[in-house]
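A.B. asks: One file is attached below, my_file.cif, containing mmCIF, C-alpha atoms.
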data_start
loop_
_atom_site.label_atom_id
_atom_site.label_comp_id
_atom_site.auth_asym_id
_atom_site.auth_seq_id
_atom_site.Cartn_x
_atom_site.Cartn_y
_atom_site.Cartn_z
CA MET A 500 98.22 60.92 95.84
CA ALA A 501 96.47 64.26 95.95
CA LYS A 502 97.97 66.96 98.14
CA SER A 503 95.87 68.10 101.08
CA MET A 504 94.93 71.76 101.46
CA LEU A 505 93.99 73.66 104.60
CA ILE A 506 91.93 76.79 104.03
CA VAL A 507 92.16 79.27 106.88
CA SER A 508 89.11 81.52 106.92
CA ARG A 509 89.62 84.66 109.00
CA HIS A 510 86.74 86.94 108.01
CA SER A 511 83.34 87.38 109.59
CA PRO A 512 80.45 86.48 107.31
CA TRP A 513 79.18 90.04 106.84
CA SER A 514 82.41 92.01 106.51
CA GLY A 515 82.79 91.59 102.76
CA LEU A 516 83.64 88.82 100.37
CA GLY A 517 86.44 87.20 102.39
CA ALA A 518 84.38 84.47 104.03
CA ARG A 519 82.49 83.57 100.87
CA GLU A 520 85.57 83.52 98.70
CA ALA A 521 87.47 81.33 101.16
CA LEU A 522 84.52 78.95 101.25
CA ASP A 523 84.40 78.85 97.44
CA ILE A 524 87.97 77.54 97.35
CA ALA A 525 86.96 74.77 99.77
CA LEU A 526 83.84 73.84 97.80
CA ALA A 527 85.76 73.82 94.50
CA GLY A 528 88.38 71.54 96.03
CA GLY A 529 85.67 69.28 97.40
CA ALA A 530 84.04 69.10 93.98
CA PHE A 531 87.36 67.76 92.64
CA GLU A 532 87.44 65.26 95.53
CA LEU A 533 90.62 66.77 96.93
CA PRO A 534 91.43 66.36 100.64
CA ILE A 535 90.40 69.77 101.98
CA GLY A 536 90.32 71.00 105.55
CA MET A 537 88.98 74.30 106.81
CA LEU A 538 90.03 76.25 109.88
CA PHE A 539 87.90 79.11 111.18
CA LEU A 540 90.25 81.59 112.82
CA ASP A 541 89.97 85.10 114.28
CA ASP A 542 86.72 86.78 113.08
CA GLY A 543 86.17 83.73 110.87
CA VAL A 544 84.63 81.99 113.89
CA PHE A 545 81.57 84.25 113.51
CA GLN A 546 80.70 82.23 110.40
CA LEU A 547 79.86 79.30 112.65
CA LEU A 548 77.21 81.04 114.75
CA PRO A 549 73.75 79.62 114.09
CA GLY A 550 70.59 81.67 113.62
CA GLN A 551 72.07 84.68 111.83
CA GLN A 552 69.79 87.15 110.07
CA PRO A 553 71.65 88.29 106.95
CA ALA A 554 68.46 89.65 105.36
CA ALA A 555 68.65 92.58 107.78
CA LEU A 556 71.86 93.56 105.97
CA GLU A 557 70.42 92.72 102.56
CA GLN A 558 72.92 89.85 102.36
CA LYS A 559 72.58 86.27 101.24
CA ASP A 560 72.88 83.64 103.92
CA LEU A 561 76.38 82.21 104.02
CA ALA A 562 75.16 79.44 106.31
CA ALA A 563 73.50 77.60 103.43
CA ASN A 564 76.84 77.49 101.59
CA LEU A 565 78.65 76.41 104.74
CA GLN A 566 76.21 73.55 105.20
CA ALA A 567 77.21 72.39 101.72
CA LEU A 568 80.76 71.61 102.91
CA PRO A 569 79.99 68.02 104.03
CA LEU A 570 78.00 67.45 100.81
CA PHE A 571 81.15 68.37 98.90
CA GLY A 572 83.18 65.97 101.01
CA VAL A 573 84.79 68.70 103.13
CA GLU A 574 84.36 67.26 106.61
CA ASP A 575 87.63 68.20 108.28
CA LEU A 576 86.47 71.40 109.96
CA TYR A 577 88.35 73.12 112.76
CA VAL A 578 87.83 76.22 114.83
CA CYS A 579 90.35 78.14 116.91
CA ARG A 580 89.24 77.93 120.54
CA GLN A 581 91.16 81.03 121.52
CA SER A 582 89.40 83.02 118.78
CA LEU A 583 86.06 81.80 120.19
CA ARG A 584 87.07 82.67 123.74
CA LEU A 585 88.29 86.18 122.85
CA ARG A 586 84.86 86.87 121.30
CA GLY A 587 82.89 85.41 124.19
CA LEU A 588 81.75 82.47 122.09
CA ASP A 589 83.49 79.54 123.79
CA GLY A 590 80.95 76.85 124.64
CA GLN A 591 78.27 78.29 122.33
CA PRO A 592 76.58 75.85 119.96
CA LEU A 593 78.06 76.03 116.46
CA ALA A 594 76.25 75.59 113.15
CA LEU A 595 78.84 73.08 111.92
CA PRO A 596 80.69 70.28 113.72
CA ALA A 597 84.08 72.02 113.82
CA THR A 598 86.76 70.63 116.12
CA PRO A 599 88.08 73.26 118.56
CA LEU A 600 91.88 73.52 118.62
CA GLU A 601 94.35 75.82 120.29
CA GLY A 602 98.04 76.46 120.83
CA PRO A 603 100.26 73.58 119.72
CA GLU A 604 97.24 71.73 118.30
CA LEU A 605 96.99 74.47 115.68
CA ALA A 606 100.68 74.10 114.83
CA ASP A 607 100.14 70.35 114.43
CA LEU A 608 97.17 71.03 112.17
CA PHE A 609 99.23 73.26 109.87
CA ASP A 610 101.94 70.59 109.82
CA ARG A 611 99.51 67.91 108.68
CA TYR A 612 98.52 69.71 105.48
CA ASP A 613 100.60 69.92 102.31
CA LEU A 614 99.15 73.29 101.30
CA VAL A 615 97.74 76.22 103.27
CA ILE A 616 95.72 79.16 101.96
CA THR A 617 94.73 81.98 104.31
CA LEU A 618 91.96 84.34 103.30
CA MET B 961 111.29 73.58 91.31
CA LYS B 962 107.80 74.24 90.00
CA PHE B 963 105.84 77.11 91.62
CA ALA B 964 102.15 77.99 91.52
CA ILE B 965 101.64 81.62 92.54
CA ALA B 966 98.33 82.98 93.81
CA LEU B 967 97.63 86.67 94.33
CA PHE B 968 94.67 87.96 96.35
CA ALA B 969 95.48 91.68 96.72
CA PRO B 970 94.77 94.63 94.40
CA PRO B 971 97.50 96.35 92.33
CA HIS B 972 97.99 99.17 94.83
CA ALA B 973 98.67 96.75 97.70
CA PRO B 974 102.31 96.00 98.57
CA SER B 975 101.56 92.28 98.19
CA SER B 976 101.09 92.67 94.44
CA ARG B 977 104.56 94.14 94.02
CA ARG B 978 106.03 91.44 96.27
CA ALA B 979 104.28 88.72 94.28
CA LEU B 980 105.66 90.07 91.01
CA ARG B 981 109.21 90.40 92.37
CA PHE B 982 108.96 86.88 93.79
CA ALA B 983 107.74 85.53 90.45
CA GLU B 984 110.63 87.27 88.68
CA ALA B 985 113.08 85.79 91.18
CA VAL B 986 111.60 82.31 90.68
CA LEU B 987 112.36 82.44 86.96
CA ALA B 988 115.69 84.20 87.44
CA GLY B 989 116.68 81.37 89.78
CA GLY B 990 116.07 78.80 87.06
CA HIS B 991 112.76 77.58 88.46
CA GLU B 992 109.42 77.26 86.73
CA ILE B 993 105.99 78.87 87.25
CA ASN B 994 103.25 76.47 86.24
CA ARG B 995 100.47 79.02 86.73
CA LEU B 996 99.65 82.46 88.05
CA PHE B 997 96.21 82.57 89.62
CA PHE B 998 94.60 85.89 90.54
CA TYR B 999 91.70 85.77 92.99
CA GLN B 1000 89.70 88.19 95.13
CA ASP B 1001 90.90 91.78 94.56
CA GLY B 1002 93.95 90.31 92.83
CA VAL B 1003 91.85 90.14 89.66
CA HIS B 1004 92.40 93.90 89.19
CA ASN B 1005 96.06 93.15 88.46
CA ALA B 1006 94.90 91.59 85.18
CA SER B 1007 92.81 94.60 84.22
CA GLY B 1008 93.82 96.75 81.28
CA ASN B 1009 91.60 99.52 82.62
CA VAL B 1010 93.70 100.49 85.61
CA VAL B 1011 95.27 103.92 85.14
CA THR B 1012 98.25 104.39 87.45
CA PRO B 1013 99.76 107.85 88.05
CA GLN B 1014 102.90 108.27 85.95
CA ASP B 1015 105.26 108.48 88.89
CA GLU B 1016 104.00 105.22 90.44
CA PRO B 1017 104.75 101.62 89.45
CA ASP B 1018 102.08 100.35 87.04
CA LEU B 1019 101.55 96.84 88.40
CA PRO B 1020 98.92 95.68 85.89
CA ALA B 1021 101.24 96.74 83.04
CA GLN B 1022 104.23 95.08 84.73
CA TRP B 1023 102.28 91.83 85.23
CA ARG B 1024 101.18 91.84 81.61
CA ALA B 1025 104.72 92.40 80.36
CA PHE B 1026 105.99 89.64 82.64
CA VAL B 1027 103.33 87.15 81.53
CA GLU B 1028 103.89 87.94 77.85
CA ARG B 1029 107.68 87.86 78.07
CA HIS B 1030 107.73 84.43 79.70
CA LYS B 1031 104.59 83.05 78.02
CA LEU B 1032 103.09 82.10 81.38
CA ASP B 1033 99.81 80.38 82.10
CA ALA B 1034 97.94 83.29 83.72
CA VAL B 1035 94.44 82.70 85.06
CA VAL B 1036 91.96 85.13 86.60
CA CYS B 1037 89.14 83.66 88.69
CA ILE B 1038 86.01 84.24 86.66
CA ALA B 1039 83.59 84.49 89.60
CA ALA B 1040 85.80 86.99 91.43
CA ALA B 1041 86.34 88.95 88.21
CA LEU B 1042 82.64 89.16 87.29
CA ARG B 1043 81.75 90.56 90.71
CA ARG B 1044 84.42 93.24 90.32
CA GLY B 1045 83.61 94.20 86.74
CA VAL B 1046 86.82 92.76 85.34
CA LEU B 1047 85.41 91.15 82.19
CA ASP B 1048 86.88 89.74 79.03
CA ALA B 1049 85.18 90.18 75.65
CA GLN B 1050 83.17 86.99 75.95
CA GLU B 1051 81.79 87.80 79.42
CA ALA B 1052 81.12 91.43 78.47
CA GLN B 1053 79.03 90.17 75.57
CA ARG B 1054 77.30 87.53 77.69
CA TYR B 1055 76.21 90.06 80.31
CA GLY B 1056 75.67 93.02 78.00
CA ARG B 1057 78.49 95.16 79.42
CA THR B 1058 80.54 97.66 77.44
CA ALA B 1059 83.84 97.61 79.35
CA ILE B 1060 86.37 94.93 78.48
CA ALA B 1061 89.22 94.79 80.99
CA VAL B 1062 90.87 91.42 80.35
CA THR B 1063 92.52 90.38 77.11
CA PRO B 1064 94.90 87.53 76.27
CA PRO B 1065 97.28 86.23 77.50
CA TRP B 1066 95.13 86.50 80.63
CA GLU B 1067 92.35 83.96 80.77
CA LEU B 1068 89.20 83.95 82.90
CA SER B 1069 88.52 80.53 84.39
CA GLY B 1070 87.33 78.76 87.52
CA LEU B 1071 88.80 77.93 90.92
CA GLY B 1072 89.52 74.42 89.67
CA GLN B 1073 92.51 76.00 87.93
CA LEU B 1074 93.92 77.05 91.31
CA HIS B 1075 93.56 73.54 92.69
CA GLU B 1076 95.02 71.96 89.57
CA ALA B 1077 98.03 74.29 89.68
CA ALA B 1078 98.54 73.64 93.40
CA GLN B 1079 98.38 69.90 92.87
CA GLN B 1080 100.90 69.93 90.04
CA ALA B 1081 103.38 72.42 91.54
CA ASP B 1082 106.09 71.66 94.09
CA ARG B 1083 105.08 74.80 95.98
CA LEU B 1084 101.99 77.00 96.12
CA VAL B 1085 102.95 80.50 97.23
CA CYS B 1086 100.14 82.93 98.07
CA PHE B 1087 100.35 86.71 98.35
CA GLY B 1088 97.87 89.15 99.83
CA GLY B 1089 95.73 86.82 101.91
CA VAL B 1090 94.66 88.40 105.17
#
Take the structure in this file and express it as structure tokens.
C.D. replies:
Amino acid sequence: MAKSMLIVSRHSPWSGLGAREALDIALAGGAFELPIGMLFLDDGVFQLLPGQQPAALEQKDLAANLQALPLFGVEDLYVCRQSLRLRGLDGQPLALPATPLEGPELADLFDRYDLVITL
Amino acid sequence: MKFAIALFAPPHAPSSRRALRFAEAVLAGGHEINRLFFYQDGVHNASGNVVTPQDEPDLPAQWRAFVERHKLDAVVCIAAALRRGVLDAQEAQRYGRTAIAVTPPWELSGLGQLHEAAQQADRLVCFGGV
């Protein structure tokens, strides 16, 4: 049986390559039909805000790639509720159906996966 | 035990030195490394174009010596490498660039190689993720 991998994405979408390169690991794993989960943590939660305007920063839209996650079979998406709260985003609509977790729920999440990569 | 080792940090970052010392300890302890995979700024560790001051540890040279000595499977993520100008001869020719940074035994390949290594290893150990 394939090992499961949790990818912890901690970078905001416009702070460099971190968010995109974490997402690429998830999409590659999905393409190989591996059991992949993704947790948006710390500034990574900014990736989930809808209606961003990356063109103002002469950037490509990461949202389009994020929307590809379910198409690649990556449907186990999680977001740290405390990270949302600390950034004033708790309760805001998110661009992807990510399950909010906090405290011991996060520890349980890490326990459930065979492999963890943090980027 | 079989280890896959992933490195995400550039040569001047402490994580690169830690990753190399860990990899050396893995083999010294009688274990196996099924693949090294360099991603993000870690790709610079596979570059032959890094010039390190003489009184500092030359991580790219140390990695190369380590890979050659133990005949390791050493993969550099091609997408991350292209973005950072860390090309092998084939990619330099493909994109019309003059600088070749990566030569065998390093190999440019895709992220599938990271997943494959992680699936086949007993442990995936990552360095330099933030």
A.B. asks: Given the choices A:Gln591, A:Glu604, A:Leu618, A:Phe539, which gets closest to Asp523 (chain A) if the distance is worked out from only C-alpha atoms?
C.D. replies: A:Leu618
A.B. asks: Which polymer residues, whether protein, DNA or RNA, lie within 12 Å of the coordinate (82.4, 83.7, 120.4) when you count all atoms listed in the file? List them as a count of residues only, using the chain letters and numbers from the file.
C.D. replies: 28
A.B. asks: Using all atoms listed in the file, find which residues of chain A lie within 12 Å of chain B and jot them down as an MDAnalysis selection string.
C.D. replies: chainID A and resid 500:510 515:535 540:543 613:618
A.B. asks: Please write out, as lines of an AutoDock Vina configuration file, where the centre of an axis-aligned box around all listed atoms of region 520-539 of chain A lies and how long its edges are, in Å to one decimal, after adding 8 Å on each side.
C.D. replies:
center_x = 87.6
center_y = 74.4
center_z = 101.9
size_x = 23.6
size_y = 34.3
size_z = 34.5
A.B. asks: Care to translate the PyMOL selection byres ((chain B and resi 1004-1013) around 8) into actual residues of this file, as a tab-separated table (two decimals) with C-alpha atoms, in the frame of the given file?
C.D. replies:
chain	number	residue	atom	x	y	z
B	970	PRO	CA	94.77	94.63	94.40
B	971	PRO	CA	97.50	96.35	92.33
B	976	SER	CA	101.09	92.67	94.44
B	998	PHE	CA	94.60	85.89	90.54
B	1001	ASP	CA	90.90	91.78	94.56
B	1002	GLY	CA	93.95	90.31	92.83
B	1003	VAL	CA	91.85	90.14	89.66
B	1014	GLN	CA	102.90	108.27	85.95
B	1015	ASP	CA	105.26	108.48	88.89
B	1016	GLU	CA	104.00	105.22	90.44
B	1017	PRO	CA	104.75	101.62	89.45
B	1018	ASP	CA	102.08	100.35	87.04
B	1019	LEU	CA	101.55	96.84	88.40
B	1020	PRO	CA	98.92	95.68	85.89
B	1021	ALA	CA	101.24	96.74	83.04
B	1023	TRP	CA	102.28	91.83	85.23
B	1024	ARG	CA	101.18	91.84	81.61
B	1036	VAL	CA	91.96	85.13	86.60
B	1041	ALA	CA	86.34	88.95	88.21
B	1046	VAL	CA	86.82	92.76	85.34
B	1061	ALA	CA	89.22	94.79	80.99
B	1062	VAL	CA	90.87	91.42	80.35
B	1063	THR	CA	92.52	90.38	77.11
B	1066	TRP	CA	95.13	86.50	80.63
A.B. asks: Quick one: residues within 9 Å of Leu561 (chain A), only C-alpha atoms counted, chain neighbours fewer than 3 positions away excluded, as a short mmCIF file (atom, residue, chain, number, x, y, z; two decimals) with C-alpha atoms, in the coordinates of the input?
C.D. replies:
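Writing done, so here's out-v6.cif:
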data_model
loop_
_atom_site.label_atom_id
_atom_site.label_comp_id
_atom_site.auth_asym_id
_atom_site.auth_seq_id
_atom_site.Cartn_x
_atom_site.Cartn_y
_atom_site.Cartn_z
CA PRO A 512 80.45 86.48 107.31
CA TRP A 513 79.18 90.04 106.84
CA ALA A 518 84.38 84.47 104.03
CA ARG A 519 82.49 83.57 100.87
CA GLN A 546 80.70 82.23 110.40
CA PRO A 553 71.65 88.29 106.95
CA GLN A 558 72.92 89.85 102.36
CA ASN A 564 76.84 77.49 101.59
CA LEU A 565 78.65 76.41 104.74
CA GLN A 566 76.21 73.55 105.20
#
